[in-house]
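Text of entry07.cif, listed as mmCIF, N, CA and C atoms:
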```
data_target
#
loop_
_atom_site.label_atom_id
_atom_site.label_comp_id
_atom_site.auth_asym_id
_atom_site.auth_seq_id
_atom_site.Cartn_x
_atom_site.Cartn_y
_atom_site.Cartn_z
N ALA A 1 76.21 75.94 90.21
CA ALA A 1 75.43 77.17 90.28
C ALA A 1 75.80 78.04 89.09
N THR A 2 74.82 78.51 88.40
CA THR A 2 75.06 79.42 87.29
C THR A 2 73.96 80.46 87.25
N HIS A 3 74.33 81.65 86.98
CA HIS A 3 73.37 82.72 86.73
C HIS A 3 74.11 83.92 86.18
N THR A 4 73.39 84.78 85.51
CA THR A 4 74.00 85.99 84.99
C THR A 4 73.74 87.12 85.98
N ILE A 5 74.67 88.06 86.00
CA ILE A 5 74.54 89.19 86.91
C ILE A 5 74.79 90.48 86.15
N ASN A 6 74.30 91.54 86.67
CA ASN A 6 74.49 92.86 86.09
C ASN A 6 75.42 93.68 86.98
N ARG A 7 76.61 93.15 87.23
CA ARG A 7 77.58 93.86 88.05
C ARG A 7 78.99 93.38 87.73
N ASN A 8 79.93 94.07 88.27
CA ASN A 8 81.34 93.77 88.10
C ASN A 8 81.66 92.39 88.69
N ASP A 9 82.53 91.63 88.06
CA ASP A 9 82.92 90.31 88.57
C ASP A 9 83.44 90.37 90.00
N LYS A 10 84.09 91.47 90.37
CA LYS A 10 84.63 91.59 91.72
C LYS A 10 83.54 91.60 92.78
N ASN A 11 82.30 91.81 92.37
CA ASN A 11 81.17 91.83 93.31
C ASN A 11 80.26 90.63 93.14
N ALA A 12 80.75 89.56 92.52
CA ALA A 12 79.90 88.41 92.21
C ALA A 12 80.20 87.17 93.05
N LEU A 13 81.31 87.14 93.73
CA LEU A 13 81.76 85.92 94.40
C LEU A 13 80.76 85.36 95.40
N SER A 14 80.31 86.15 96.34
CA SER A 14 79.47 85.60 97.41
C SER A 14 78.14 85.07 96.90
N ALA A 15 77.53 85.75 95.94
CA ALA A 15 76.24 85.30 95.42
C ALA A 15 76.34 83.92 94.78
N ILE A 16 77.36 83.71 93.95
CA ILE A 16 77.50 82.43 93.27
C ILE A 16 77.97 81.35 94.24
N ALA A 17 78.85 81.70 95.19
CA ALA A 17 79.31 80.71 96.17
C ALA A 17 78.17 80.28 97.09
N LEU A 18 77.34 81.23 97.52
CA LEU A 18 76.18 80.89 98.36
C LEU A 18 75.20 80.00 97.60
N GLU A 19 75.00 80.29 96.33
CA GLU A 19 74.10 79.49 95.51
C GLU A 19 74.64 78.06 95.36
N ALA A 20 75.93 77.92 95.13
CA ALA A 20 76.53 76.60 94.99
C ALA A 20 76.43 75.82 96.30
N LYS A 21 76.70 76.49 97.42
CA LYS A 21 76.62 75.84 98.74
C LYS A 21 75.20 75.34 99.00
N GLU A 22 74.23 76.17 98.67
CA GLU A 22 72.82 75.80 98.85
C GLU A 22 72.43 74.64 97.94
N ASN A 23 72.84 74.69 96.68
CA ASN A 23 72.52 73.63 95.72
C ASN A 23 73.11 72.28 96.15
N LEU A 24 74.28 72.33 96.78
CA LEU A 24 74.94 71.10 97.23
C LEU A 24 74.49 70.68 98.63
N ASN A 25 73.68 71.53 99.28
CA ASN A 25 73.15 71.26 100.62
C ASN A 25 74.28 70.98 101.61
N LEU A 26 75.26 71.90 101.66
CA LEU A 26 76.43 71.75 102.52
C LEU A 26 76.41 72.74 103.67
N GLU A 27 77.04 72.36 104.78
CA GLU A 27 77.19 73.28 105.91
C GLU A 27 78.40 74.20 105.68
N THR A 28 79.47 73.63 105.12
CA THR A 28 80.67 74.40 104.78
C THR A 28 81.00 74.13 103.32
N PHE A 29 81.79 75.03 102.76
CA PHE A 29 82.07 74.96 101.32
C PHE A 29 83.39 75.66 101.06
N THR A 30 84.19 75.17 100.13
CA THR A 30 85.42 75.84 99.71
C THR A 30 85.27 76.25 98.26
N ALA A 31 85.47 77.53 97.99
CA ALA A 31 85.36 78.06 96.63
C ALA A 31 86.75 78.43 96.13
N LEU A 32 87.11 77.91 94.97
CA LEU A 32 88.37 78.22 94.30
C LEU A 32 88.02 79.09 93.10
N VAL A 33 88.47 80.34 93.12
CA VAL A 33 88.08 81.29 92.07
C VAL A 33 89.31 82.03 91.54
N ASP A 34 89.19 82.58 90.33
CA ASP A 34 90.33 83.31 89.75
C ASP A 34 90.47 84.68 90.39
N LYS A 35 91.60 85.31 90.14
CA LYS A 35 91.92 86.57 90.81
C LYS A 35 91.02 87.73 90.42
N GLY A 36 90.21 87.59 89.39
CA GLY A 36 89.27 88.63 89.03
C GLY A 36 88.13 88.77 90.03
N TYR A 37 88.02 87.82 90.96
CA TYR A 37 86.96 87.86 91.96
C TYR A 37 87.46 88.34 93.31
N HIS A 38 88.61 88.95 93.35
CA HIS A 38 89.21 89.38 94.62
C HIS A 38 88.57 90.66 95.11
N ASN A 39 87.83 90.56 96.20
CA ASN A 39 87.17 91.72 96.80
C ASN A 39 86.98 91.39 98.27
N GLY A 40 87.49 92.23 99.14
CA GLY A 40 87.43 91.98 100.58
C GLY A 40 86.03 91.78 101.11
N ARG A 41 85.10 92.59 100.66
CA ARG A 41 83.71 92.50 101.13
C ARG A 41 83.09 91.16 100.73
N GLU A 42 83.36 90.71 99.51
CA GLU A 42 82.82 89.44 99.04
C GLU A 42 83.41 88.27 99.81
N ILE A 43 84.70 88.33 100.08
CA ILE A 43 85.36 87.27 100.85
C ILE A 43 84.83 87.25 102.27
N ALA A 44 84.61 88.42 102.87
CA ALA A 44 84.05 88.50 104.22
C ALA A 44 82.65 87.89 104.27
N THR A 45 81.83 88.16 103.26
CA THR A 45 80.48 87.58 103.21
C THR A 45 80.56 86.07 103.12
N CYS A 46 81.49 85.57 102.32
CA CYS A 46 81.68 84.11 102.22
C CYS A 46 82.07 83.55 103.59
N LYS A 47 83.02 84.18 104.24
CA LYS A 47 83.50 83.71 105.55
C LYS A 47 82.35 83.66 106.55
N GLN A 48 81.50 84.68 106.56
CA GLN A 48 80.35 84.72 107.48
C GLN A 48 79.37 83.58 107.21
N ASN A 49 79.41 83.02 106.01
CA ASN A 49 78.50 81.94 105.62
C ASN A 49 79.20 80.59 105.53
N ASN A 50 80.32 80.45 106.26
CA ASN A 50 81.08 79.19 106.30
C ASN A 50 81.58 78.75 104.93
N ILE A 51 81.97 79.71 104.12
CA ILE A 51 82.55 79.40 102.81
C ILE A 51 84.01 79.86 102.83
N THR A 52 84.91 78.92 102.67
CA THR A 52 86.34 79.24 102.58
C THR A 52 86.64 79.60 101.14
N THR A 53 87.37 80.69 100.94
CA THR A 53 87.71 81.10 99.58
C THR A 53 89.20 80.95 99.35
N ILE A 54 89.54 80.45 98.19
CA ILE A 54 90.93 80.37 97.74
C ILE A 54 91.00 81.21 96.48
N VAL A 55 91.68 82.36 96.61
CA VAL A 55 91.72 83.34 95.52
C VAL A 55 93.15 83.85 95.36
N ALA A 56 93.66 83.86 94.14
CA ALA A 56 94.99 84.42 93.88
C ALA A 56 94.96 85.93 94.08
N GLN A 57 96.03 86.46 94.62
CA GLN A 57 96.12 87.90 94.80
C GLN A 57 96.35 88.55 93.45
N PRO A 58 95.57 89.61 93.13
CA PRO A 58 95.75 90.26 91.82
C PRO A 58 97.10 90.95 91.71
N ASP A 59 97.58 91.04 90.47
CA ASP A 59 98.84 91.73 90.21
C ASP A 59 98.67 93.22 90.46
N GLN A 60 99.71 93.84 90.96
CA GLN A 60 99.69 95.29 91.14
C GLN A 60 100.17 95.94 89.84
N GLY A 61 99.39 96.83 89.30
CA GLY A 61 99.74 97.49 88.06
C GLY A 61 100.81 98.55 88.24
N LYS A 62 101.48 98.86 87.18
CA LYS A 62 102.50 99.90 87.18
C LYS A 62 102.11 100.91 86.11
N SER A 63 102.20 102.18 86.43
CA SER A 63 101.74 103.20 85.48
C SER A 63 102.59 103.26 84.22
N ASN A 64 103.81 102.81 84.27
CA ASN A 64 104.69 102.91 83.12
C ASN A 64 105.23 101.54 82.73
N GLU A 65 104.47 100.49 82.95
CA GLU A 65 104.92 99.12 82.74
C GLU A 65 105.36 98.84 81.31
N ASN A 66 104.66 99.40 80.32
CA ASN A 66 104.97 99.12 78.92
C ASN A 66 105.71 100.28 78.25
N GLY A 67 106.35 101.12 79.02
CA GLY A 67 107.09 102.22 78.46
C GLY A 67 106.22 103.36 77.96
N THR A 68 105.04 103.49 78.54
CA THR A 68 104.13 104.57 78.14
C THR A 68 104.79 105.93 78.38
N GLN A 69 104.69 106.80 77.41
CA GLN A 69 105.25 108.13 77.55
C GLN A 69 104.41 108.93 78.54
N PRO A 70 105.03 109.75 79.39
CA PRO A 70 104.32 110.47 80.44
C PRO A 70 103.11 111.28 79.95
N GLU A 71 103.16 111.83 78.74
CA GLU A 71 102.02 112.63 78.26
C GLU A 71 100.79 111.77 77.97
N TYR A 72 100.96 110.45 77.95
CA TYR A 72 99.82 109.55 77.71
C TYR A 72 99.34 108.82 78.97
N PHE A 73 99.86 109.17 80.14
CA PHE A 73 99.39 108.57 81.38
C PHE A 73 97.92 108.90 81.57
N VAL A 74 97.18 107.99 82.15
CA VAL A 74 95.74 108.18 82.39
C VAL A 74 95.49 109.45 83.20
N THR A 75 96.37 109.76 84.11
CA THR A 75 96.19 110.95 84.96
C THR A 75 96.24 112.25 84.17
N LYS A 76 96.74 112.22 82.95
CA LYS A 76 96.82 113.43 82.11
C LYS A 76 95.51 113.72 81.37
N PHE A 77 94.61 112.73 81.31
CA PHE A 77 93.37 112.91 80.54
C PHE A 77 92.27 113.52 81.41
N ILE A 78 91.52 114.42 80.80
CA ILE A 78 90.42 115.10 81.48
C ILE A 78 89.16 114.95 80.64
N TYR A 79 88.05 114.55 81.28
CA TYR A 79 86.77 114.45 80.58
C TYR A 79 86.12 115.81 80.55
N ASN A 80 85.42 116.13 79.45
CA ASN A 80 84.65 117.36 79.42
C ASN A 80 83.20 117.05 79.07
#
```
How does this structure look as structure tokens?
Amino acid sequence: ATHTINRNDKNALSAIALEAKENLNLETFTALVDKGYHNGREIATCKQNNITTIVAQPDQGKSNENGTQPEYFVTKFIYN
């Protein structure tokens, strides 16, 4: 299954998994995807459609992981 979408990858899992399941004419299907597709709603939709998902848990970010100085934290920036 292949197609382009106009949305964030985190919201693409169920559409492509459902398309693959349909193309293969299967009752159940297992999808192995990278951690960029981790989204609870998408996984729930897959589960409701008999699609098992195997997805790595995304890394938890740290605000000062690379030694960023506090004055450059994202929380300090304001849009005008």
Residues matched by the PyMOL selection byres ((chain A and resi 11) around 8) as a PDB file with N, CA and C atoms, in the coordinates of the input:
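Saved as part_13.pdb:
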```pdb
ATOM      1  N   ARG A   7      76.610  93.150  87.230  1.00  0.00           N
ATOM      2  CA  ARG A   7      77.580  93.860  88.050  1.00  0.00           C
ATOM      3  C   ARG A   7      78.990  93.380  87.730  1.00  0.00           C
ATOM      4  N   ASN A   8      79.930  94.070  88.270  1.00  0.00           N
ATOM      5  CA  ASN A   8      81.340  93.770  88.100  1.00  0.00           C
ATOM      6  C   ASN A   8      81.660  92.390  88.690  1.00  0.00           C
ATOM      7  N   ASP A   9      82.530  91.630  88.060  1.00  0.00           N
ATOM      8  CA  ASP A   9      82.920  90.310  88.570  1.00  0.00           C
ATOM      9  C   ASP A   9      83.440  90.370  90.000  1.00  0.00           C
ATOM     10  N   LYS A  10      84.090  91.470  90.370  1.00  0.00           N
ATOM     11  CA  LYS A  10      84.630  91.590  91.720  1.00  0.00           C
ATOM     12  C   LYS A  10      83.540  91.600  92.780  1.00  0.00           C
ATOM     13  N   ALA A  12      80.750  89.560  92.520  1.00  0.00           N
ATOM     14  CA  ALA A  12      79.900  88.410  92.210  1.00  0.00           C
ATOM     15  C   ALA A  12      80.200  87.170  93.050  1.00  0.00           C
ATOM     16  N   LEU A  13      81.310  87.140  93.730  1.00  0.00           N
ATOM     17  CA  LEU A  13      81.760  85.920  94.400  1.00  0.00           C
ATOM     18  C   LEU A  13      80.760  85.360  95.400  1.00  0.00           C
ATOM     19  N   SER A  14      80.310  86.150  96.340  1.00  0.00           N
ATOM     20  CA  SER A  14      79.470  85.600  97.410  1.00  0.00           C
ATOM     21  C   SER A  14      78.140  85.070  96.900  1.00  0.00           C
ATOM     22  N   ALA A  15      77.530  85.750  95.940  1.00  0.00           N
ATOM     23  CA  ALA A  15      76.240  85.300  95.420  1.00  0.00           C
ATOM     24  C   ALA A  15      76.340  83.920  94.780  1.00  0.00           C
ATOM     25  N   ILE A  16      77.360  83.710  93.950  1.00  0.00           N
ATOM     26  CA  ILE A  16      77.500  82.430  93.270  1.00  0.00           C
ATOM     27  C   ILE A  16      77.970  81.350  94.240  1.00  0.00           C
ATOM     28  N   GLY A  36      90.210  87.590  89.390  1.00  0.00           N
ATOM     29  CA  GLY A  36      89.270  88.630  89.030  1.00  0.00           C
ATOM     30  C   GLY A  36      88.130  88.770  90.030  1.00  0.00           C
ATOM     31  N   TYR A  37      88.020  87.820  90.960  1.00  0.00           N
ATOM     32  CA  TYR A  37      86.960  87.860  91.960  1.00  0.00           C
ATOM     33  C   TYR A  37      87.460  88.340  93.310  1.00  0.00           C
ATOM     34  N   HIS A  38      88.610  88.950  93.350  1.00  0.00           N
ATOM     35  CA  HIS A  38      89.210  89.380  94.620  1.00  0.00           C
ATOM     36  C   HIS A  38      88.570  90.660  95.110  1.00  0.00           C
ATOM     37  N   ASN A  39      87.830  90.560  96.200  1.00  0.00           N
ATOM     38  CA  ASN A  39      87.170  91.720  96.800  1.00  0.00           C
ATOM     39  C   ASN A  39      86.980  91.390  98.270  1.00  0.00           C
ATOM     40  N   ARG A  41      85.100  92.590 100.660  1.00  0.00           N
ATOM     41  CA  ARG A  41      83.710  92.500 101.130  1.00  0.00           C
ATOM     42  C   ARG A  41      83.090  91.160 100.730  1.00  0.00           C
ATOM     43  N   GLU A  42      83.360  90.710  99.510  1.00  0.00           N
ATOM     44  CA  GLU A  42      82.820  89.440  99.040  1.00  0.00           C
ATOM     45  C   GLU A  42      83.410  88.270  99.810  1.00  0.00           C
TER      46      GLU A  42
END
```
Taking only N, CA and C atoms into account, name the residue in A:Ala1, A:Ile78, A:Ile51, A:Ala56 that is nearest to Thr30 (chain A).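 Using only N, CA and C atoms, Thr30 (chain A) sits closest to A:Ile51.
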Expressed in Å, the length from CA of Lys35 (chain A) to CA of Thr75 (chain A) is 25.4 Å
Students should find that CA of Asn23 (chain A) and CA of Gln57 (chain A) are spaced 27.6 Å
Grab the atom C of Asp34 (chain A) to CA of Thr68 (chain A) distance for me, in Å with one decimal place.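 Taking atom C of Asp34 (chain A) and CA of Thr68 (chain A), their separation equals 27.1 Å.
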Looking at A:Ile54, A:Val74, A:Tyr79, A:Thr2, which one is nearest to Val33 (chain A), with distances taken over only C-alpha atoms?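 Closest to Val33 (chain A), using only C-alpha atoms: A:Ile54.
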Would you list, as a PyMOL selection string, the residues of chain A that end up in strand (DSSP E) under DSSP run on this structure's backbone? chain A and resi 29-33+51-55
Give me, as a PyMOL selection string, the residues of chain A that a backbone DSSP run labels helix (DSSP H, G or I). chain A and resi 9-11+13-24+35-37+40-48+70-72+74-76
